[in-house]
>>> print(open('model23.cif').read())   # mmCIF, C-alpha atoms and all ligand atoms; chains and numbers go by the auth columns
data_start
loop_
_atom_site.group_PDB
_atom_site.id
_atom_site.type_symbol
_atom_site.label_atom_id
_atom_site.label_comp_id
_atom_site.label_asym_id
_atom_site.label_seq_id
_atom_site.Cartn_x
_atom_site.Cartn_y
_atom_site.Cartn_z
_atom_site.B_iso_or_equiv
_atom_site.auth_seq_id
_atom_site.auth_asym_id
ATOM 1 C CA MET A 1 -68.157 37.342 14.660 0.00 1159 A
ATOM 2 C CA ALA A 2 -66.958 33.818 14.068 0.00 1160 A
ATOM 3 C CA THR A 3 -66.341 31.616 11.078 0.00 1161 A
ATOM 4 C CA VAL A 4 -68.303 28.396 11.563 0.00 1162 A
ATOM 5 C CA LEU A 5 -67.787 25.230 9.531 0.00 1163 A
ATOM 6 C CA SER A 6 -70.906 23.051 9.453 0.00 1164 A
ATOM 7 C CA VAL A 7 -70.062 19.454 8.557 0.00 1165 A
ATOM 8 C CA SER A 8 -72.550 16.719 7.693 0.00 1166 A
ATOM 9 C CA GLY A 9 -71.268 13.154 7.856 0.00 1167 A
ATOM 10 C CA SER A 10 -74.273 11.515 6.212 0.00 1168 A
ATOM 11 C CA PRO A 11 -73.874 9.616 2.943 0.00 1169 A
ATOM 12 C CA SER A 12 -77.604 9.980 2.177 0.00 1170 A
ATOM 13 C CA PRO A 13 -78.714 12.226 -0.706 0.00 1171 A
ATOM 14 C CA THR A 14 -81.885 13.026 1.273 0.00 1172 A
ATOM 15 C CA SER A 15 -80.126 13.344 4.596 0.00 1173 A
ATOM 16 C CA ARG A 16 -82.078 14.569 7.599 0.00 1174 A
ATOM 17 C CA THR A 17 -78.785 15.321 9.333 0.00 1175 A
ATOM 18 C CA ALA A 18 -77.722 17.622 6.497 0.00 1176 A
ATOM 19 C CA ARG A 19 -81.147 19.335 6.563 0.00 1177 A
ATOM 20 C CA LEU A 20 -80.795 19.849 10.275 0.00 1178 A
ATOM 21 C CA LEU A 21 -77.366 21.424 9.819 0.00 1179 A
ATOM 22 C CA ARG A 22 -78.593 23.734 7.039 0.00 1180 A
ATOM 23 C CA HIS A 23 -81.425 24.779 9.361 0.00 1181 A
ATOM 24 C CA LEU A 24 -78.882 25.626 12.071 0.00 1182 A
ATOM 25 C CA ASP A 25 -76.601 27.330 9.536 0.00 1183 A
ATOM 26 C CA ALA A 26 -79.343 29.857 8.854 0.00 1184 A
ATOM 27 C CA ARG A 27 -79.771 30.472 12.584 0.00 1185 A
ATOM 28 C CA LEU A 28 -76.040 31.023 13.049 0.00 1186 A
ATOM 29 C CA ALA A 29 -75.852 33.293 9.995 0.00 1187 A
ATOM 30 C CA SER A 30 -78.733 35.376 11.371 0.00 1188 A
ATOM 31 C CA ARG A 31 -76.541 36.047 14.428 0.00 1189 A
ATOM 32 C CA GLY A 32 -73.844 37.476 12.160 0.00 1190 A
ATOM 33 C CA HIS A 33 -71.558 34.447 11.886 0.00 1191 A
ATOM 34 C CA THR A 34 -70.017 33.360 8.611 0.00 1192 A
ATOM 35 C CA VAL A 35 -71.155 29.776 8.054 0.00 1193 A
ATOM 36 C CA THR A 36 -69.621 27.385 5.529 0.00 1194 A
ATOM 37 C CA PRO A 37 -71.490 24.118 4.877 0.00 1195 A
ATOM 38 C CA LEU A 38 -69.483 20.992 4.109 0.00 1196 A
ATOM 39 C CA ASP A 39 -71.174 17.724 3.134 0.00 1197 A
ATOM 40 C CA ALA A 40 -68.702 14.850 3.419 0.00 1198 A
ATOM 41 C CA ARG A 41 -70.707 13.013 0.744 0.00 1199 A
ATOM 42 C CA ASP A 42 -69.643 15.676 -1.797 0.00 1200 A
ATOM 43 C CA LEU A 43 -65.958 14.829 -1.323 0.00 1201 A
ATOM 44 C CA PRO A 44 -64.386 12.299 -3.713 0.00 1202 A
ATOM 45 C CA ALA A 45 -65.025 8.805 -2.334 0.00 1203 A
ATOM 46 C CA GLN A 46 -61.786 7.371 -3.685 0.00 1204 A
ATOM 47 C CA ALA A 47 -59.734 10.091 -1.995 0.00 1205 A
ATOM 48 C CA LEU A 48 -61.514 9.470 1.311 0.00 1206 A
ATOM 49 C CA LEU A 49 -61.242 5.688 1.145 0.00 1207 A
ATOM 50 C CA SER A 50 -57.567 5.759 0.231 0.00 1208 A
ATOM 51 C CA ALA A 51 -56.856 8.511 2.800 0.00 1209 A
ATOM 52 C CA ASP A 52 -55.428 10.684 0.017 0.00 1210 A
ATOM 53 C CA ALA A 53 -54.751 13.797 2.090 0.00 1211 A
ATOM 54 C CA GLY A 54 -53.077 15.469 -0.915 0.00 1212 A
ATOM 55 C CA HIS A 55 -56.135 15.330 -3.193 0.00 1213 A
ATOM 56 C CA PRO A 56 -57.128 18.924 -4.104 0.00 1214 A
ATOM 57 C CA ALA A 57 -60.686 18.492 -2.761 0.00 1215 A
ATOM 58 C CA ILE A 58 -59.346 17.128 0.524 0.00 1216 A
ATOM 59 C CA VAL A 59 -56.799 19.941 0.761 0.00 1217 A
ATOM 60 C CA ARG A 60 -59.683 22.417 0.319 0.00 1218 A
ATOM 61 C CA ALA A 61 -61.637 20.661 3.072 0.00 1219 A
ATOM 62 C CA GLN A 62 -58.583 20.789 5.348 0.00 1220 A
ATOM 63 C CA ALA A 63 -58.324 24.536 4.692 0.00 1221 A
ATOM 64 C CA LEU A 64 -61.968 25.012 5.697 0.00 1222 A
ATOM 65 C CA PHE A 65 -61.249 23.356 9.036 0.00 1223 A
ATOM 66 C CA GLU A 66 -58.109 25.439 9.489 0.00 1224 A
ATOM 67 C CA GLN A 67 -59.956 28.705 8.825 0.00 1225 A
ATOM 68 C CA ALA A 68 -62.890 27.936 11.118 0.00 1226 A
ATOM 69 C CA ASP A 69 -63.196 29.295 14.660 0.00 1227 A
ATOM 70 C CA ALA A 70 -65.918 26.775 15.430 0.00 1228 A
ATOM 71 C CA VAL A 71 -67.254 23.566 13.916 0.00 1229 A
ATOM 72 C CA VAL A 72 -70.684 21.939 13.971 0.00 1230 A
ATOM 73 C CA VAL A 73 -70.326 18.191 13.344 0.00 1231 A
ATOM 74 C CA GLY A 74 -73.498 16.288 12.470 0.00 1232 A
ATOM 75 C CA THR A 75 -73.768 12.575 11.871 0.00 1233 A
ATOM 76 C CA PRO A 76 -76.419 9.897 11.555 0.00 1234 A
ATOM 77 C CA VAL A 77 -76.023 7.066 14.043 0.00 1235 A
ATOM 78 C CA TYR A 78 -74.953 3.956 12.158 0.00 1236 A
ATOM 79 C CA LYS A 79 -74.561 0.695 14.073 0.00 1237 A
ATOM 80 C CA ALA A 80 -74.480 2.519 17.406 0.00 1238 A
ATOM 81 C CA ALA A 81 -71.689 4.881 16.327 0.00 1239 A
ATOM 82 C CA TYR A 82 -71.083 7.838 14.023 0.00 1240 A
ATOM 83 C CA SER A 83 -70.985 7.266 10.278 0.00 1241 A
ATOM 84 C CA GLY A 84 -68.051 5.660 8.494 0.00 1242 A
ATOM 85 C CA LEU A 85 -68.110 8.569 6.055 0.00 1243 A
ATOM 86 C CA LEU A 86 -67.501 11.047 8.863 0.00 1244 A
ATOM 87 C CA LYS A 87 -64.653 8.850 10.145 0.00 1245 A
ATOM 88 C CA ALA A 88 -63.096 8.781 6.677 0.00 1246 A
ATOM 89 C CA LEU A 89 -63.194 12.586 6.582 0.00 1247 A
ATOM 90 C CA LEU A 90 -61.764 13.018 10.079 0.00 1248 A
ATOM 91 C CA ASP A 91 -59.000 10.547 9.194 0.00 1249 A
ATOM 92 C CA VAL A 92 -57.695 12.680 6.311 0.00 1250 A
ATOM 93 C CA LEU A 93 -57.430 15.772 8.504 0.00 1251 A
ATOM 94 C CA PRO A 94 -54.296 16.629 10.475 0.00 1252 A
ATOM 95 C CA GLN A 95 -54.219 15.168 14.012 0.00 1253 A
ATOM 96 C CA HIS A 96 -54.902 18.555 15.608 0.00 1254 A
ATOM 97 C CA ALA A 97 -57.290 19.917 12.999 0.00 1255 A
ATOM 98 C CA LEU A 98 -59.672 21.058 15.760 0.00 1256 A
ATOM 99 C CA ALA A 99 -57.058 22.785 17.928 0.00 1257 A
ATOM 100 C CA GLY A 100 -58.425 25.940 19.522 0.00 1258 A
ATOM 101 C CA LYS A 101 -61.911 25.417 18.082 0.00 1259 A
ATOM 102 C CA THR A 102 -65.309 25.220 19.723 0.00 1260 A
ATOM 103 C CA VAL A 103 -67.254 22.178 18.544 0.00 1261 A
ATOM 104 C CA LEU A 104 -70.953 21.296 18.624 0.00 1262 A
ATOM 105 C CA PRO A 105 -71.570 17.561 18.042 0.00 1263 A
ATOM 106 C CA LEU A 106 -75.023 16.528 16.773 0.00 1264 A
ATOM 107 C CA ALA A 107 -76.494 13.164 15.834 0.00 1265 A
ATOM 108 C CA THR A 108 -79.708 11.860 14.332 0.00 1266 A
ATOM 109 C CA GLY A 109 -80.902 8.307 14.823 0.00 1267 A
ATOM 110 C CA GLY A 110 -83.830 5.975 14.510 0.00 1268 A
ATOM 111 C CA SER A 111 -83.960 4.924 18.141 0.00 1269 A
ATOM 112 C CA THR A 112 -83.269 6.427 21.547 0.00 1270 A
ATOM 113 C CA ARG A 113 -81.241 3.315 22.364 0.00 1271 A
ATOM 114 C CA HIS A 114 -78.237 5.099 20.905 0.00 1272 A
ATOM 115 C CA VAL A 115 -78.768 8.543 22.355 0.00 1273 A
ATOM 116 C CA LEU A 116 -75.304 8.355 23.959 0.00 1274 A
ATOM 117 C CA ALA A 117 -73.494 7.571 20.708 0.00 1275 A
ATOM 118 C CA ILE A 118 -72.200 11.155 20.524 0.00 1276 A
ATOM 119 C CA ASP A 119 -70.598 10.838 23.919 0.00 1277 A
ATOM 120 C CA TYR A 120 -69.058 7.410 23.708 0.00 1278 A
ATOM 121 C CA THR A 121 -67.962 7.430 20.063 0.00 1279 A
ATOM 122 C CA LEU A 122 -67.680 10.949 18.595 0.00 1280 A
ATOM 123 C CA ARG A 123 -66.659 13.090 21.564 0.00 1281 A
ATOM 124 C CA PRO A 124 -63.383 11.194 22.246 0.00 1282 A
ATOM 125 C CA VAL A 125 -62.334 11.593 18.612 0.00 1283 A
ATOM 126 C CA LEU A 126 -63.091 15.326 18.594 0.00 1284 A
ATOM 127 C CA SER A 127 -61.142 15.629 21.803 0.00 1285 A
ATOM 128 C CA SER A 128 -58.151 13.727 20.390 0.00 1286 A
ATOM 129 C CA MET A 129 -58.134 16.182 17.486 0.00 1287 A
ATOM 130 C CA GLY A 130 -57.488 19.036 19.900 0.00 1288 A
ATOM 131 C CA ALA A 131 -60.923 20.677 20.189 0.00 1289 A
ATOM 132 C CA ALA A 132 -60.626 23.495 22.717 0.00 1290 A
ATOM 133 C CA HIS A 133 -64.208 23.167 23.868 0.00 1291 A
ATOM 134 C CA ILE A 134 -66.810 20.573 22.953 0.00 1292 A
ATOM 135 C CA VAL A 135 -70.177 21.910 24.059 0.00 1293 A
ATOM 136 C CA GLN A 136 -73.090 19.719 25.071 0.00 1294 A
ATOM 137 C CA GLY A 137 -74.130 17.514 22.145 0.00 1295 A
ATOM 138 C CA TRP A 138 -77.656 16.741 21.056 0.00 1296 A
ATOM 139 C CA PHE A 139 -79.340 13.678 19.565 0.00 1297 A
ATOM 140 C CA LEU A 140 -82.532 13.903 17.517 0.00 1298 A
ATOM 141 C CA LEU A 141 -84.808 11.123 16.393 0.00 1299 A
ATOM 142 C CA ASP A 142 -85.230 10.997 12.633 0.00 1300 A
ATOM 143 C CA ARG A 143 -89.019 11.045 12.996 0.00 1301 A
ATOM 144 C CA ASP A 144 -88.790 14.426 14.749 0.00 1302 A
ATOM 145 C CA LEU A 145 -87.201 15.988 11.652 0.00 1303 A
ATOM 146 C CA VAL A 146 -89.892 16.595 9.055 0.00 1304 A
ATOM 147 C CA ALA A 147 -88.921 17.922 5.632 0.00 1305 A
ATOM 148 C CA GLN A 148 -91.347 20.544 4.342 0.00 1306 A
ATOM 149 C CA PRO A 149 -92.410 20.919 0.697 0.00 1307 A
ATOM 150 C CA ASP A 150 -90.495 24.229 0.464 0.00 1308 A
ATOM 151 C CA GLY A 151 -87.272 22.453 1.476 0.00 1309 A
ATOM 152 C CA SER A 152 -87.265 23.770 5.027 0.00 1310 A
ATOM 153 C CA LEU A 153 -87.288 21.580 8.117 0.00 1311 A
ATOM 154 C CA ARG A 154 -89.893 21.281 10.848 0.00 1312 A
ATOM 155 C CA ILE A 155 -88.532 19.989 14.156 0.00 1313 A
ATOM 156 C CA GLU A 156 -91.071 18.476 16.546 0.00 1314 A
ATOM 157 C CA ALA A 157 -91.608 20.540 19.681 0.00 1315 A
ATOM 158 C CA GLY A 158 -89.805 18.445 22.329 0.00 1316 A
ATOM 159 C CA ALA A 159 -86.714 17.938 20.174 0.00 1317 A
ATOM 160 C CA ALA A 160 -86.637 21.582 19.064 0.00 1318 A
ATOM 161 C CA GLU A 161 -86.582 22.800 22.649 0.00 1319 A
ATOM 162 C CA GLY A 162 -83.474 20.788 23.538 0.00 1320 A
ATOM 163 C CA LEU A 163 -81.790 21.784 20.306 0.00 1321 A
ATOM 164 C CA GLU A 164 -82.371 25.457 21.149 0.00 1322 A
ATOM 165 C CA GLN A 165 -80.577 24.978 24.441 0.00 1323 A
ATOM 166 C CA VAL A 166 -77.479 23.399 22.942 0.00 1324 A
ATOM 167 C CA LEU A 167 -77.431 25.989 20.152 0.00 1325 A
ATOM 168 C CA ASP A 168 -77.538 28.732 22.784 0.00 1326 A
ATOM 169 C CA GLN A 169 -74.612 27.131 24.615 0.00 1327 A
ATOM 170 C CA PHE A 170 -72.669 26.847 21.371 0.00 1328 A
ATOM 171 C CA THR A 171 -73.244 30.474 20.355 0.00 1329 A
ATOM 172 C CA THR A 172 -72.390 31.653 23.870 0.00 1330 A
ATOM 173 C CA ALA A 173 -69.114 29.729 23.653 0.00 1331 A
ATOM 174 C CA VAL A 174 -68.370 30.951 20.138 0.00 1332 A
ATOM 175 C CA GLU A 175 -69.151 34.567 20.985 0.00 1333 A
ATOM 176 C CA ALA A 176 -67.210 34.621 24.264 0.00 1334 A
ATOM 177 C CA PRO A 177 -64.157 36.892 24.206 0.00 1335 A
ATOM 178 C CA ARG A 178 -60.919 35.204 23.323 0.00 1336 A
ATOM 179 C CA VAL A 179 -58.361 34.717 26.075 0.00 1337 A
ATOM 180 C CA ARG A 180 -54.824 35.610 25.060 0.00 1338 A
ATOM 181 C CA ALA A 181 -52.906 32.319 25.050 0.00 1339 A
ATOM 182 C CA PRO A 182 -49.243 32.030 26.068 0.00 1340 A
ATOM 183 C CA VAL A 183 -46.814 32.157 23.130 0.00 1341 A
ATOM 184 C CA GLY A 184 -46.665 28.761 21.430 0.00 1342 A
ATOM 185 C CA CYS A 185 -50.144 27.662 22.545 0.00 1343 A
ATOM 186 C CA ALA A 186 -53.287 27.515 20.449 0.00 1344 A
ATOM 187 C CA THR A 187 -55.638 30.454 21.132 0.00 1345 A
ATOM 188 C CA ARG A 188 -58.693 29.343 23.065 0.00 1346 A
ATOM 189 C CA ARG A 189 -62.041 30.940 23.694 0.00 1347 A
ATOM 190 C CA ARG A 190 -63.043 31.426 27.278 0.00 1348 A
ATOM 191 C CA THR A 191 -66.228 29.461 27.777 0.00 1349 A
ATOM 192 C CA ARG A 192 -68.160 27.845 30.514 0.00 1350 A
ATOM 193 C CA THR A 193 -67.237 24.256 31.163 0.00 1351 A
ATOM 194 C CA VAL A 194 -69.476 21.557 29.747 0.00 1352 A
ATOM 195 C CA ARG A 195 -70.799 20.843 33.231 0.00 1353 A
ATOM 196 C CA GLU A 196 -71.627 24.504 33.854 0.00 1354 A
ATOM 197 C CA ALA A 197 -73.277 24.788 30.468 0.00 1355 A
ATOM 198 C CA ALA A 198 -75.235 21.523 30.494 0.00 1356 A
ATOM 199 C CA PRO A 199 -79.006 21.894 30.572 0.00 1357 A
ATOM 200 C CA GLN A 200 -80.882 19.604 32.933 0.00 1358 A
ATOM 201 C CA ALA A 201 -83.121 17.932 30.374 0.00 1359 A
ATOM 202 C CA ALA A 202 -81.089 18.118 27.191 0.00 1360 A
ATOM 203 C CA ARG A 203 -77.847 16.373 28.016 0.00 1361 A
ATOM 204 C CA THR A 204 -76.624 13.371 26.086 0.00 1362 A
ATOM 205 C CA SER A 205 -74.307 12.463 28.968 0.00 1363 A
ATOM 206 C CA PRO A 206 -75.608 10.900 32.169 0.00 1364 A
ATOM 207 C CA ALA A 207 -76.588 13.503 34.763 0.00 1365 A
ATOM 208 C CA PRO A 208 -73.941 14.095 37.471 0.00 1366 A
ATOM 209 C CA ARG A 209 -74.624 12.281 40.743 0.00 1367 A
ATOM 210 C CA PRO A 210 -75.935 14.416 43.602 0.00 1368 A
ATOM 211 C CA PRO A 211 -73.396 14.979 46.391 0.00 1369 A
ATOM 212 C CA ARG A 212 -73.446 12.402 49.197 0.00 1370 A
ATOM 213 C CA SER A 213 -75.039 13.612 52.428 0.00 1371 A
HETATM 214 C C1 LIG B . -76.826 1.515 7.864 0.00 1401 B
HETATM 215 C C2 LIG B . -77.676 2.176 8.908 0.00 1401 B
HETATM 216 C C3 LIG B . -77.446 1.913 10.237 0.00 1401 B
HETATM 217 C C4 LIG B . -78.216 2.541 11.231 0.00 1401 B
HETATM 218 N N1 LIG B . -77.955 2.257 12.532 0.00 1401 B
HETATM 219 C C5 LIG B . -78.648 2.892 13.508 0.00 1401 B
HETATM 220 C C6 LIG B . -78.364 2.641 14.877 0.00 1401 B
HETATM 221 O O1 LIG B . -77.519 1.835 15.247 0.00 1401 B
HETATM 222 N N2 LIG B . -79.071 3.354 15.813 0.00 1401 B
HETATM 223 C C7 LIG B . -80.041 4.252 15.476 0.00 1401 B
HETATM 224 O O2 LIG B . -80.630 4.871 16.369 0.00 1401 B
HETATM 225 N N3 LIG B . -80.338 4.515 14.168 0.00 1401 B
HETATM 226 C C8 LIG B . -79.674 3.852 13.178 0.00 1401 B
HETATM 227 N N4 LIG B . -79.959 4.107 11.854 0.00 1401 B
HETATM 228 C C9 LIG B . -80.984 5.113 11.533 0.00 1401 B
HETATM 229 C C10 LIG B . -80.333 6.452 11.168 0.00 1401 B
HETATM 230 O O3 LIG B . -79.385 6.841 12.131 0.00 1401 B
HETATM 231 C C11 LIG B . -81.375 7.586 11.103 0.00 1401 B
HETATM 232 O O4 LIG B . -82.418 7.261 10.221 0.00 1401 B
HETATM 233 C C12 LIG B . -80.700 8.896 10.726 0.00 1401 B
HETATM 234 O O5 LIG B . -81.579 9.984 11.004 0.00 1401 B
HETATM 235 C C13 LIG B . -80.339 8.947 9.246 0.00 1401 B
HETATM 236 O O6 LIG B . -79.744 10.198 9.008 0.00 1401 B
HETATM 237 P P1 LIG B . -79.543 10.777 7.540 0.00 1401 B
HETATM 238 O O7 LIG B . -80.895 10.920 6.911 0.00 1401 B
HETATM 239 O O8 LIG B . -78.862 12.068 7.735 0.00 1401 B
HETATM 240 O O9 LIG B . -78.662 9.792 6.804 0.00 1401 B
HETATM 241 C C14 LIG B . -79.230 3.472 10.863 0.00 1401 B
HETATM 242 C C15 LIG B . -79.465 3.723 9.510 0.00 1401 B
HETATM 243 C C16 LIG B . -78.692 3.093 8.539 0.00 1401 B
HETATM 244 C C17 LIG B . -78.956 3.402 7.081 0.00 1401 B
#
>>> encode(input="model23.cif", output="structure tokens")
Amino acid sequence: MATVLSVSGSPSPTSRTARLLRHLDARLASRGHTVTPLDARDLPAQALLSADAGHPAIVRAQALFEQADAVVVGTPVYKAAYSGLLKALLDVLPQHALAGKTVLPLATGGSTRHVLAIDYTLRPVLSSMGAAHIVQGWFLLDRDLVAQPDGSLRIEAGAAEGLEQVLDQFTTAVEAPRVRAPVGCATRRRTRTVREAAPQAARTSPAPRPPRS
């Protein structure tokens, strides 16, 4: 079973993104994975803003990334991109902090206008940090995430269905047997490619064009 780091990049104390991640954490834990939540908003702001990679709290966060086999990265969409807080966290990590890891990118937003924000802003950064496999991302509208009085989260039917599909792809990738890497290379998990794994209705990327006749 895998060690999964579940990172929320929302600065909000009542974050829907963080609630969504905690909801998924429970699902991943029920499959036998060890899940560690990390809220970027709990890290010292001064250390993040001054890129103080030696601050003890930042060093601990770096260690969590290093120990993880897989990472769930959730962010609210801010100004058509991922949050500045998430960027500040990613910036204090080593360049290849995601090497060999499977990553699930998630975003919440107020409008479907920015449904592609994961693909055109976050995915390239995750890739530049060495992620071995970035599975299909998923965007949820904030109004589809309804906090319940007991602290749990209700996800509206249409959004929940797509989320299930990307979670399935992520767990399949995480649970796939490791392929022995050549000496000197990061160990990678053998997974389907993003294109093979992409569901028809749930993608955040444009659908591939049909072949020309
Ligand atoms: C400063 C700010 C900028 C935002 N910009 C966008 C945006 O460009 N596109 C969008 O769809 N939603 C935008 N939103 C809405 C949030 O993405 C949305 O409410 C999200 O679910 C908030 O997540 P959180 O509760 O985890 O912080 C913005 C919200 C804030 C506070």
>>> resolve_selection(input="model23.cif", expression="the PyMOL selection byres (((not hetatm)) within 9 of (chain B and resi 1401))", output="VMD selection string")
chain A and resid 1166 to 1178 1232 to 1241 1265 to 1273 1275 1298 to 1301 1303
>>> closest_residue(input="model23.cif", among="A:Leu1201, A:Val1162, A:Ala1289, A:Ala1209", to="Arg1185 of chain A", atoms="only C-alpha atoms")
A:Val1162
>>> atom_distance(input="model23.cif", atom1="atom CA of Gln1220 of chain A", atom2="atom CA of Pro1195 of chain A")
13.3 Å
>>> atom_distance(input="model23.cif", atom1="atom CA of Leu1256 of chain A", atom2="atom CA of Ser1208 of chain A")
21.9 Å
>>> residues_around(input="model23.cif", residues="Met1159 of chain A", least_positions_apart="6", cutoff="10 Å", atoms="all atoms listed in the file", output="JSON, numbers by chain")
{"A": [1187, 1189, 1190, 1191, 1192, 1227, 1332, 1333]}
>>> atom_distance(input="model23.cif", atom1="atom CA of Ser1286 of chain A", atom2="atom CA of Gly1320 of chain A")
26.5 Å
>>> residues_near_point(input="model23.cif", point="(-86.4, 21.8, 8.6)", cutoff="10 Å", atoms="only C-alpha atoms", output="MDAnalysis selection string")
chainID A and resid 1174 1176:1182 1302:1314
>>> resolve_selection(input="model23.cif", expression="the PyMOL selection byres (((chain A and resi 1247) around 12) and not hetatm)", output="ChimeraX atom specification")
/A:1165-1169,1196-1211,1215-1217,1219-1220,1223,1231,1233,1240-1246,1248-1253,1255
>>> axis_aligned_box(input="model23.cif", around="segment 1192-1205 of chain A", padding_each_side="6 Å", output="JSON")
{"center_x": -65.6, "center_y": 20.4, "center_z": 2.4, "size_x": 23.8, "size_y": 38.0, "size_z": 24.3}
>>> closest_residue(input="model23.cif", among="A:Val1324, A:Leu1163, A:Leu1280, A:Ala1317", to="Ala1221 of chain A", atoms="all atoms listed in the file")
A:Leu1163
>>> resolve_selection(input="model23.cif", expression="the PyMOL selection byres (((chain A and resi 1327) around 9) and not hetatm)", output="ChimeraX atom specification")
/A:1293-1294,1322-1326,1328-1332,1350,1355-1356
>>> closest_residue(input="model23.cif", among="A:Pro1282, A:Gly1288, A:Gly1258, A:Pro1263", to="Leu1321 of chain A", atoms="all atoms listed in the file")
A:Pro1263
>>> closest_residue(input="model23.cif", among="A:His1213, A:Arg1281, A:Arg1218, A:His1254", to="Gly1295 of chain A", atoms="only C-alpha atoms")
A:Arg1281
>>> closest_residue(input="model23.cif", among="A:Thr1161, A:Ala1334, A:Ala1318, A:Ile1292", to="Leu1222 of chain A", atoms="only C-alpha atoms")
A:Thr1161
>>> residues_around(input="model23.cif", residues="Ala1290 of chain A", least_positions_apart="6", cutoff="7 Å", atoms="all atoms listed in the file", output="CSV table (one decimal) with C-alpha atoms, keeping the file's coordinate frame")
chain,number,residue,atom,x,y,z
A,1257,ALA,CA,-57.1,22.8,17.9
A,1258,GLY,CA,-58.4,25.9,19.5
A,1259,LYS,CA,-61.9,25.4,18.1
A,1260,THR,CA,-65.3,25.2,19.7
A,1346,ARG,CA,-58.7,29.3,23.1
